[in-house]
Amino acid sequence: MELLKLIKRVILCAAMFSCCDPKIDLLLNEDIRQKQIDFSCGTVAFAISTMRGHLFFFDQAYDLTNVVSIYHDSLQVKYKGDTIATTLYDEDGKEVKASPITLTGQRKTLTAFEIEQGAGRGDTITILTKGYIHCLSERVSIDTLNIIINRDF
């Protein structure tokens, strides 16, 4: 079991930093591949991609004018009624276990999760973001994000 986790981490890191990106872009909220949120501490751009409908990567690029706190443990991923476990990585590809983490300036994070049975065309994965980002100790309001699977793998 530990070997399987190690293999998944190696694949994840290779995918994150590969020049030949094997990830496939998906749709966020039906028609966009990236969503940008402007708030009083800066902006964050969200993007979603997958490797063959099993491993998913929720990329977050921050351009901040003030300090923000990320409460990773408040982010929920739902698929077919189940809550899917997620793992947060910093821009160096290291797993982040602390919650909250503090970000300033231009930073990137990546949340990875796995749909073991695989997702296919017509499926929706929901990302609930309530309480995920805090700016100046206030929760940033972010709409629920729906990942629409628009193809078969």
# chains A, B, ... in the order shown; residues from 1 in each chain; ligands from 1
call {"tool": "residues_around", "arguments": {"residues": "Glu95 (chain A)", "least_positions_apart": "6", "cutoff": "10 Å", "atoms": "only C-alpha atoms", "output": "list of chain:residue names"}}
result
A:Arg9, A:Thr87, A:Leu88, A:Tyr89, A:Thr109, A:Leu110, A:Thr111
call {"tool": "select_by_dssp", "arguments": {"residues": "region 94-140 of chain A", "states": "strand (DSSP E or B)", "output": "list of chain:residue names"}}
result
A:Glu95, A:Val96, A:Ile101, A:Thr102, A:Leu103, A:Gln106, A:Arg107, A:Lys108, A:Thr109, A:Leu110, A:Thr111, A:Ala112, A:Phe113, A:Glu114, A:Thr124, A:Ile125, A:Thr126, A:Ile127, A:Leu128, A:Ile133, A:His134, A:Cys135, A:Glu138, A:Arg139
call {"tool": "atom_distance", "arguments": {"atom1": "CA of Ser74 (chain A)", "atom2": "CA of Thr129 (chain A)"}}
result
7.1 Å
call {"tool": "atom_distance", "arguments": {"atom1": "CA of Leu64 (chain A)", "atom2": "CA of Gln106 (chain A)"}}
result
6.1 Å
call {"tool": "closest_residue", "arguments": {"among": "A:Asn150, A:Gln60, A:Ser99, A:Ser40", "to": "Leu136 (chain A)", "atoms": "only C-alpha atoms"}}
result
A:Ser40
call {"tool": "decode", "arguments": {"residues": "region 51-135 of chain A", "atoms": "C-alpha atoms", "output": "PDB file, in the first residue's frame"}}
result
ATOM      1  CA  MET A  51      -4.928  12.312 -15.993  1.00  0.00           C
ATOM      2  CA  ARG A  52      -7.300   9.813 -17.606  1.00  0.00           C
ATOM      3  CA  GLY A  53     -10.246  10.653 -15.340  1.00  0.00           C
ATOM      4  CA  HIS A  54      -8.622   9.162 -12.237  1.00  0.00           C
ATOM      5  CA  LEU A  55      -6.124  11.707 -10.888  1.00  0.00           C
ATOM      6  CA  PHE A  56      -7.360  15.304 -10.730  1.00  0.00           C
ATOM      7  CA  PHE A  57      -5.377  18.493 -10.210  1.00  0.00           C
ATOM      8  CA  PHE A  58      -7.019  21.652  -8.872  1.00  0.00           C
ATOM      9  CA  ASP A  59      -4.423  24.350  -9.603  1.00  0.00           C
ATOM     10  CA  GLN A  60      -4.525  27.666  -7.768  1.00  0.00           C
ATOM     11  CA  ALA A  61      -2.394  30.655  -8.788  1.00  0.00           C
ATOM     12  CA  TYR A  62      -2.395  33.571  -6.345  1.00  0.00           C
ATOM     13  CA  ASP A  63      -1.364  37.170  -7.011  1.00  0.00           C
ATOM     14  CA  LEU A  64      -1.717  38.788  -3.608  1.00  0.00           C
ATOM     15  CA  THR A  65      -1.375  42.320  -2.292  1.00  0.00           C
ATOM     16  CA  ASN A  66      -1.972  41.202   1.297  1.00  0.00           C
ATOM     17  CA  VAL A  67      -1.585  38.078   3.417  1.00  0.00           C
ATOM     18  CA  VAL A  68      -4.193  35.331   3.014  1.00  0.00           C
ATOM     19  CA  SER A  69      -4.809  32.162   4.979  1.00  0.00           C
ATOM     20  CA  ILE A  70      -5.737  28.932   3.201  1.00  0.00           C
ATOM     21  CA  TYR A  71      -7.790  26.477   5.243  1.00  0.00           C
ATOM     22  CA  HIS A  72      -7.215  23.352   3.199  1.00  0.00           C
ATOM     23  CA  ASP A  73      -9.174  21.197   5.627  1.00  0.00           C
ATOM     24  CA  SER A  74     -12.344  23.168   4.784  1.00  0.00           C
ATOM     25  CA  LEU A  75     -12.161  22.348   1.041  1.00  0.00           C
ATOM     26  CA  GLN A  76     -14.498  19.485   0.144  1.00  0.00           C
ATOM     27  CA  VAL A  77     -14.610  17.479  -3.053  1.00  0.00           C
ATOM     28  CA  LYS A  78     -17.830  15.549  -3.729  1.00  0.00           C
ATOM     29  CA  TYR A  79     -18.390  12.873  -6.363  1.00  0.00           C
ATOM     30  CA  LYS A  80     -21.566  10.783  -6.626  1.00  0.00           C
ATOM     31  CA  GLY A  81     -22.475  11.638  -3.036  1.00  0.00           C
ATOM     32  CA  ASP A  82     -19.070  10.691  -1.589  1.00  0.00           C
ATOM     33  CA  THR A  83     -16.498  13.041  -0.089  1.00  0.00           C
ATOM     34  CA  ILE A  84     -13.137  12.507  -1.793  1.00  0.00           C
ATOM     35  CA  ALA A  85      -9.879  12.904   0.155  1.00  0.00           C
ATOM     36  CA  THR A  86      -7.589  15.663  -1.103  1.00  0.00           C
ATOM     37  CA  THR A  87      -3.906  16.465  -0.717  1.00  0.00           C
ATOM     38  CA  LEU A  88      -2.477  19.989  -0.876  1.00  0.00           C
ATOM     39  CA  TYR A  89       0.951  20.633  -2.440  1.00  0.00           C
ATOM     40  CA  ASP A  90       2.977  23.832  -2.414  1.00  0.00           C
ATOM     41  CA  GLU A  91       4.667  25.231  -5.503  1.00  0.00           C
ATOM     42  CA  ASP A  92       7.732  23.089  -4.795  1.00  0.00           C
ATOM     43  CA  GLY A  93       5.652  19.915  -4.981  1.00  0.00           C
ATOM     44  CA  LYS A  94       5.837  19.267  -1.238  1.00  0.00           C
ATOM     45  CA  GLU A  95       2.786  17.984   0.576  1.00  0.00           C
ATOM     46  CA  VAL A  96       1.292  20.533   2.968  1.00  0.00           C
ATOM     47  CA  LYS A  97      -0.341  19.087   6.070  1.00  0.00           C
ATOM     48  CA  ALA A  98      -0.797  22.249   8.162  1.00  0.00           C
ATOM     49  CA  SER A  99      -4.064  24.137   8.011  1.00  0.00           C
ATOM     50  CA  PRO A 100      -4.205  27.047   7.715  1.00  0.00           C
ATOM     51  CA  ILE A 101      -1.210  28.030   5.624  1.00  0.00           C
ATOM     52  CA  THR A 102      -0.275  31.636   4.954  1.00  0.00           C
ATOM     53  CA  LEU A 103       0.427  32.986   1.467  1.00  0.00           C
ATOM     54  CA  THR A 104       1.756  36.317   0.201  1.00  0.00           C
ATOM     55  CA  GLY A 105       2.811  37.652  -3.193  1.00  0.00           C
ATOM     56  CA  GLN A 106       2.680  35.400  -6.235  1.00  0.00           C
ATOM     57  CA  ARG A 107       2.265  31.796  -5.146  1.00  0.00           C
ATOM     58  CA  LYS A 108       0.862  28.568  -6.501  1.00  0.00           C
ATOM     59  CA  THR A 109      -0.703  25.600  -4.781  1.00  0.00           C
ATOM     60  CA  LEU A 110      -2.153  22.407  -6.136  1.00  0.00           C
ATOM     61  CA  THR A 111      -4.834  20.206  -4.616  1.00  0.00           C
ATOM     62  CA  ALA A 112      -4.804  16.647  -5.903  1.00  0.00           C
ATOM     63  CA  PHE A 113      -7.457  13.998  -5.520  1.00  0.00           C
ATOM     64  CA  GLU A 114      -8.273  10.627  -7.008  1.00  0.00           C
ATOM     65  CA  ILE A 115     -11.511   9.126  -8.291  1.00  0.00           C
ATOM     66  CA  GLU A 116     -10.534   5.465  -8.053  1.00  0.00           C
ATOM     67  CA  GLN A 117     -13.241   4.092 -10.344  1.00  0.00           C
ATOM     68  CA  GLY A 118     -12.637   6.952 -12.781  1.00  0.00           C
ATOM     69  CA  ALA A 119     -14.975   9.687 -13.930  1.00  0.00           C
ATOM     70  CA  GLY A 120     -16.473   9.799 -17.407  1.00  0.00           C
ATOM     71  CA  ARG A 121     -18.438  11.962 -19.820  1.00  0.00           C
ATOM     72  CA  GLY A 122     -21.447  13.596 -18.163  1.00  0.00           C
ATOM     73  CA  ASP A 123     -20.133  13.221 -14.599  1.00  0.00           C
ATOM     74  CA  THR A 124     -19.835  16.224 -12.288  1.00  0.00           C
ATOM     75  CA  ILE A 125     -17.354  16.652  -9.452  1.00  0.00           C
ATOM     76  CA  THR A 126     -18.229  19.402  -6.993  1.00  0.00           C
ATOM     77  CA  ILE A 127     -15.671  21.471  -5.097  1.00  0.00           C
ATOM     78  CA  LEU A 128     -17.133  23.191  -2.038  1.00  0.00           C
ATOM     79  CA  THR A 129     -14.983  26.181  -1.122  1.00  0.00           C
ATOM     80  CA  LYS A 130     -16.783  27.649   1.902  1.00  0.00           C
ATOM     81  CA  GLY A 131     -14.190  28.909   4.366  1.00  0.00           C
ATOM     82  CA  TYR A 132     -11.259  27.926   2.134  1.00  0.00           C
ATOM     83  CA  ILE A 133      -9.604  31.368   1.708  1.00  0.00           C
ATOM     84  CA  HIS A 134      -9.475  34.116   4.337  1.00  0.00           C
ATOM     85  CA  CYS A 135      -8.312  37.666   3.616  1.00  0.00           C
TER      86      CYS A 135
END
